[in-house]
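Peer 1: My structure is below; once you've seen it, I'll send some questions.
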Amino acid sequence: MPNATDTPAREGSLDAPTRHPVEWKSPAFWDHAALEAEMARVFEICHGCRRCVSLCHAFPTLFDLVDASSTLEVDGVAKSDYAKVVEHCYLCDLCYQTKCPYVPPHPWNVDFPHLMLRAKAVARHEHGSPAAAKLLSNTRLVGRLASIPVVVEAVNWGNRNPTARKAMAKTLGVHPDANVPAYHHPSARKRLKHLRADGAATPAGPTTGKVALFVTCYGDYNQPKMVEDLAAVLAHNGVQVKLLAREKCCGMPKLELGDLDTVEKYKDANLPILTQAVDEGFDLIAPIPSCVLMFKQELPLLFAGDADLLRVKRAFYDPFEYLMHRHAAGLFKTDFKNRLDKVVWQAACHQRVQNIGPKTRDVLMLVPGTEVVTIERCSGHDGTYGVKQATYPISRKIAKPVENRVKQAAAQHFTSDCVMAGAHIAHGLGDGATAEHPISLLRRAYGI
């Protein structure tokens, strides 16, 4: 069994990290004994290194298990306890992208997030998923039902009512103190159904100047104003904007549950619509970093060799990545009417691991008189992790350092590209503050 001190950190350390496809269609992927053997191998390497101890609760859980074992090594940890580590991995990908020196092309070939994904998938395959987890991860169905007129008022009232929240804790496993999002009617897709991209487009760098918006479940039902603001900012910068004809969930909530079959169903439903837009000359943008990451990384690794998916991957952009391409070509408008002053920006994990750099910060700093304080630390929300009974208290501990830095910054605005992370942090501040999406701040600066 290799130990983290046996060899240099990486052979050929100048080589960029690479990612192997997730071979989930192979029978070997589902072999329980093989999975446990691979987890033991990787856990041994992580135990000998411990660089990732501050990233999330998965690594402290592993190291506590090792330190409490009779051998003080991984071989002293009961394999039945491996699931305790898996439970606390929410696939943020930061260990792979920012910390681990043993990722490919290092011969030890450590991919902790995708190993945890495999463990989640195998556990679901063998034991199924709780009904509450299935419902919470079906974000489009929940959003569609919760945003029905009249129903939406009842749902939002229930989310604020202590008695209803206690009932929700028993039925859905949602912690009564957790922040849950409000629902809105009409949805973003209904509000923006008038959008027509029928004008002249100006290409810039890799961008075509024509965008088809992937609204996302959260943007559609919980944050329609964010989507409206994104469309307005793009239009202000001369970009032709339309909505995709239709869309399913990107699949990230189901990925975090290990439900790869449903991820595939969503992919099969979305791909024809996305490829049609690409064939018509449109770039693709989603306002939620997790949704962008699904199409830029996770789906191409789950379905390696799918030519249509690779075309979609190349056409998909983070909103601020897109705007910086326009800026580099001299096509980004700087006719700002309002100052933003001091902004504290939490860099969302699923945006950081896209390896595009701090494009949100770079765009906001183009607004005269703007100072951006950057916090590169996880919020602890991460999908359902920040609302579930079992993990909400831990998510609060993970968020605490971020909350302290937000307070210390004493900024006029607090923002995160991940609206769920922003809301989770604002909830923890407990001072009535709200998080604003950076695209909404940009629209405010434009005064449009």
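Here's how to read the names in the structure tokens: chain A, B, ... by the order shown, residue numbers from 1 in each chain, ligand numbers from 1 in the order shown.
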I need the residues in segment 185-341 of chain A that are strand (DSSP E) according to DSSP; give them as a PyMOL selection string.
Peer 2: chain A and resi 210-213+240-243+283-285+316-317
Peer 1: How would the residues just chosen look if you wrote them out with C-alpha atoms as a PDB file, in the first residue's frame?
Peer 2:
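out-v8.pdb, freshly written:
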```
ATOM      1  CA  LYS A 210     -25.853  34.963 -29.538  1.00  0.00           C
ATOM      2  CA  VAL A 211     -26.832  33.252 -26.281  1.00  0.00           C
ATOM      3  CA  ALA A 212     -29.433  30.628 -25.435  1.00  0.00           C
ATOM      4  CA  LEU A 213     -30.126  30.679 -21.712  1.00  0.00           C
ATOM      5  CA  GLN A 240     -28.711  38.484 -28.705  1.00  0.00           C
ATOM      6  CA  VAL A 241     -30.530  36.449 -26.037  1.00  0.00           C
ATOM      7  CA  LYS A 242     -33.231  33.790 -26.111  1.00  0.00           C
ATOM      8  CA  LEU A 243     -34.404  30.963 -23.876  1.00  0.00           C
ATOM      9  CA  ASP A 283     -23.546  30.008 -27.161  1.00  0.00           C
ATOM     10  CA  LEU A 284     -24.969  28.541 -23.944  1.00  0.00           C
ATOM     11  CA  ILE A 285     -25.058  30.192 -20.500  1.00  0.00           C
ATOM     12  CA  PHE A 316     -21.148  26.460 -22.483  1.00  0.00           C
ATOM     13  CA  TYR A 317     -20.023  29.494 -20.465  1.00  0.00           C
TER      14      TYR A 317
END
```
Peer 1: Contacts of Ala83 of chain A at 9 Å or less, counting only C-alpha atoms, minus same-chain residues fewer than 3 places along, as a PDB file with C-alpha atoms, in the first residue's frame?
Peer 2:
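This went into out05.pdb:
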```pdb
ATOM      1  CA  LYS A  79     -15.157  -0.857   6.234  1.00  0.00           C
ATOM      2  CA  SER A  80     -18.736  -0.322   7.390  1.00  0.00           C
ATOM      3  CA  VAL A  86     -18.978   9.294   1.875  1.00  0.00           C
ATOM      4  CA  GLU A  87     -21.917  11.014   3.575  1.00  0.00           C
ATOM      5  CA  HIS A  88     -19.914  14.205   4.036  1.00  0.00           C
ATOM      6  CA  ALA A 119     -19.555   4.919  -3.477  1.00  0.00           C
ATOM      7  CA  LYS A 120     -22.808   6.915  -3.495  1.00  0.00           C
ATOM      8  CA  ALA A 123     -24.888   2.387  -2.116  1.00  0.00           C
TER       9      ALA A 123
END
```
Peer 1: Write out as a tab-separated table the residues of segment 66-183 of chain A that have any atom within 7 Å of an atom of segment 254-268 of chain A, one row each with the nearest atom pair and its distance in Å to one decimal, counting only C-alpha atoms, sorted by chain and then rising number.
Peer 2:
```
residue	atom	partner	partner_atom	distance
A:Tyr90	CA	A:Glu256	CA	6.3
A:Leu91	CA	A:Glu256	CA	6.7
A:Leu117	CA	A:Gly258	CA	6.0
A:Lys120	CA	A:Gly258	CA	4.8
A:Ala121	CA	A:Gly258	CA	4.0
A:Arg124	CA	A:Gly258	CA	6.5
A:Ser137	CA	A:Lys254	CA	5.8
```
Peer 1: I'd like the neighbourhood of segment 54-62 of chain A as a JSON list (two decimals) with N, CA and C atoms, in the first residue's frame, where a residue qualifies if any of its atoms comes within 6 Å (using only C-alpha atoms), though same-chain residues fewer than 2 positions away should be ignored.
Peer 2:
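out.json written:
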```
[["chain", "number", "residue", "atom", "x", "y", "z"],
["A", 52, "CYS", "N", -6.03, 18.16, 2.94],
["A", 52, "CYS", "CA", -7.41, 18.59, 2.66],
["A", 52, "CYS", "C", -8.26, 18.67, 3.93],
["A", 64, "ASP", "N", -10.45, 11.22, 11.83],
["A", 64, "ASP", "CA", -10.90, 10.86, 13.17],
["A", 64, "ASP", "C", -11.10, 9.36, 13.29],
["A", 65, "LEU", "N", -11.62, 8.73, 12.25],
["A", 65, "LEU", "CA", -11.79, 7.28, 12.26],
["A", 65, "LEU", "C", -10.44, 6.57, 12.36],
["A", 85, "VAL", "N", -17.65, 8.66, 5.79],
["A", 85, "VAL", "CA", -16.85, 9.60, 5.00],
["A", 85, "VAL", "C", -17.63, 10.01, 3.75],
["A", 88, "HIS", "N", -20.30, 12.80, 3.91],
["A", 88, "HIS", "CA", -19.91, 14.20, 4.04],
["A", 88, "HIS", "C", -19.20, 14.75, 2.80],
["A", 89, "CYS", "N", -19.11, 13.95, 1.75],
["A", 89, "CYS", "CA", -18.57, 14.48, 0.49],
["A", 89, "CYS", "C", -19.73, 14.95, -0.38]]
```
Peer 1: Could you please determine the separation between atom CA of Glu403 of chain A and atom CA of Ser379 of chain A in Å, to one decimal place?
Peer 2: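 Computing it gives 8.6 Å between the two atoms.
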Peer 1: So that I can see what lies close to Gln97 of chain A, please list as an MDAnalysis selection string the residues with an atom at most 12 Å from it, counting only C-alpha atoms and leaving out residues fewer than 4 positions away in the same chain.
Peer 2: chainID A and resid 16:19 52 55 91:93 101:104 110:113 349:355
Peer 1: Neighbours of Cys46 of chain A within 10 Å (only C-alpha atoms; same-chain residues fewer than 2 positions away dropped), as a PyMOL selection string?
Peer 2: chain A and resi 3-4+40-44+48-53+59+62-63+74+100+102+110+112
Peer 1: Those residues you just picked out, can you put them in a file as a PDB file, in the first residue's frame with C-alpha atoms?
Peer 2:
```
ATOM      1  CA  ASN A   3       2.193   6.009   1.562  1.00  0.00           C
ATOM      2  CA  ALA A   4       2.165   9.722   0.805  1.00  0.00           C
ATOM      3  CA  ALA A  40      -8.858   1.745   1.369  1.00  0.00           C
ATOM      4  CA  ARG A  41      -6.057   2.581  -1.083  1.00  0.00           C
ATOM      5  CA  VAL A  42      -7.082   6.211  -1.497  1.00  0.00           C
ATOM      6  CA  PHE A  43      -7.876   6.683   2.199  1.00  0.00           C
ATOM      7  CA  GLU A  44      -4.358   5.457   3.032  1.00  0.00           C
ATOM      8  CA  GLY A  48      -0.517  10.089   4.951  1.00  0.00           C
ATOM      9  CA  CYS A  49      -1.014  13.551   3.483  1.00  0.00           C
ATOM     10  CA  ARG A  50      -3.903  15.310   5.274  1.00  0.00           C
ATOM     11  CA  ARG A  51      -3.634  18.494   3.186  1.00  0.00           C
ATOM     12  CA  CYS A  52      -7.407  18.590   2.665  1.00  0.00           C
ATOM     13  CA  VAL A  53      -8.396  18.549   6.335  1.00  0.00           C
ATOM     14  CA  PHE A  59     -11.602  14.441   5.541  1.00  0.00           C
ATOM     15  CA  LEU A  62     -11.789   9.969   7.826  1.00  0.00           C
ATOM     16  CA  PHE A  63      -8.885  11.141   9.942  1.00  0.00           C
ATOM     17  CA  VAL A  74      -6.648   2.862   7.707  1.00  0.00           C
ATOM     18  CA  CYS A 100      -4.334  17.064  -3.924  1.00  0.00           C
ATOM     19  CA  TYR A 102      -1.611  12.902  -6.282  1.00  0.00           C
ATOM     20  CA  VAL A 110      -6.252   9.793  -6.797  1.00  0.00           C
ATOM     21  CA  PHE A 112     -11.399  11.480  -4.322  1.00  0.00           C
TER      22      PHE A 112
END
```
Peer 1: Using only C-alpha atoms, which protein or nucleic acid residues come within 8 Å of segment 145-160 of chain A? Drop anything in the same chain fewer than 6 positions from it, and give the result as a list in words.
Peer 2: Val180, Ala182, Tyr183, His184, His185, Pro186, Ser187 and Tyr221 of chain A
Peer 1: Residues of the last selection are to be written out with C-alpha atoms, as a JSON list (two decimals), in the first residue's frame.
Peer 2:
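Generated output (result.json):
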```
[["chain", "number", "residue", "atom", "x", "y", "z"],
["A", 180, "VAL", "CA", -35.10, 27.21, 2.51],
["A", 182, "ALA", "CA", -38.90, 31.10, -1.47],
["A", 183, "TYR", "CA", -40.78, 30.18, -4.64],
["A", 184, "HIS", "CA", -42.10, 32.65, -7.17],
["A", 185, "HIS", "CA", -44.88, 32.95, -9.71],
["A", 186, "PRO", "CA", -44.57, 33.56, -12.57],
["A", 187, "SER", "CA", -41.41, 31.59, -13.24],
["A", 221, "TYR", "CA", -38.68, 28.95, -9.67]]
```
Peer 1: Need the shell around Met168 of chain A: protein/DNA/RNA residues with any atom at most 12 Å away, counting only C-alpha atoms. Skip same-chain ones fewer than 3 positions apart. Format as a list in words?
Peer 2: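 Answer for this query is Ala132, Leu136, Val155, Gly158, Asn159, Arg160, Asn161, Pro162, Thr163, Ala164, Arg165, Thr171, Leu172, Gly173, Val174, His175, Pro176, Asp177, Ala178, Val180, Val387, Lys388 and Gln389 of chain A.
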Peer 1: Would you export the selected residues with C-alpha atoms as a compact mmCIF listing (two decimals), in the first residue's frame, please?
Peer 2:
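Written output follows (result25.txt):
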```
# COMPACT_ATOMS: atom_id res chain seq x y z
CA ALA A 132 -37.23 12.27 1.10
CA LEU A 136 -35.51 16.95 -2.46
CA VAL A 155 -45.57 26.97 0.42
CA GLY A 158 -45.11 27.03 5.47
CA ASN A 159 -41.39 27.55 4.97
CA ARG A 160 -41.54 30.44 7.45
CA ASN A 161 -43.89 28.79 9.96
CA PRO A 162 -42.18 27.02 12.92
CA THR A 163 -44.91 24.37 13.24
CA ALA A 164 -44.83 23.58 9.54
CA ARG A 165 -41.04 23.43 9.65
CA THR A 171 -41.36 14.07 6.71
CA LEU A 172 -38.53 15.41 4.53
CA GLY A 173 -35.62 15.48 6.94
CA VAL A 174 -35.16 19.24 6.47
CA HIS A 175 -33.68 20.88 9.54
CA PRO A 176 -36.18 23.36 11.08
CA ASP A 177 -33.51 26.06 11.36
CA ALA A 178 -32.19 25.71 7.81
CA VAL A 180 -35.10 27.21 2.51
CA VAL A 387 -30.64 21.80 4.80
CA LYS A 388 -30.73 18.14 5.89
CA GLN A 389 -31.26 17.29 9.56
```
Peer 1: Between A:Thr415, A:Thr216, A:Thr208, A:Thr374, which is the closest to Met294 of chain A once you count only C-alpha atoms?
Peer 2: A:Thr216
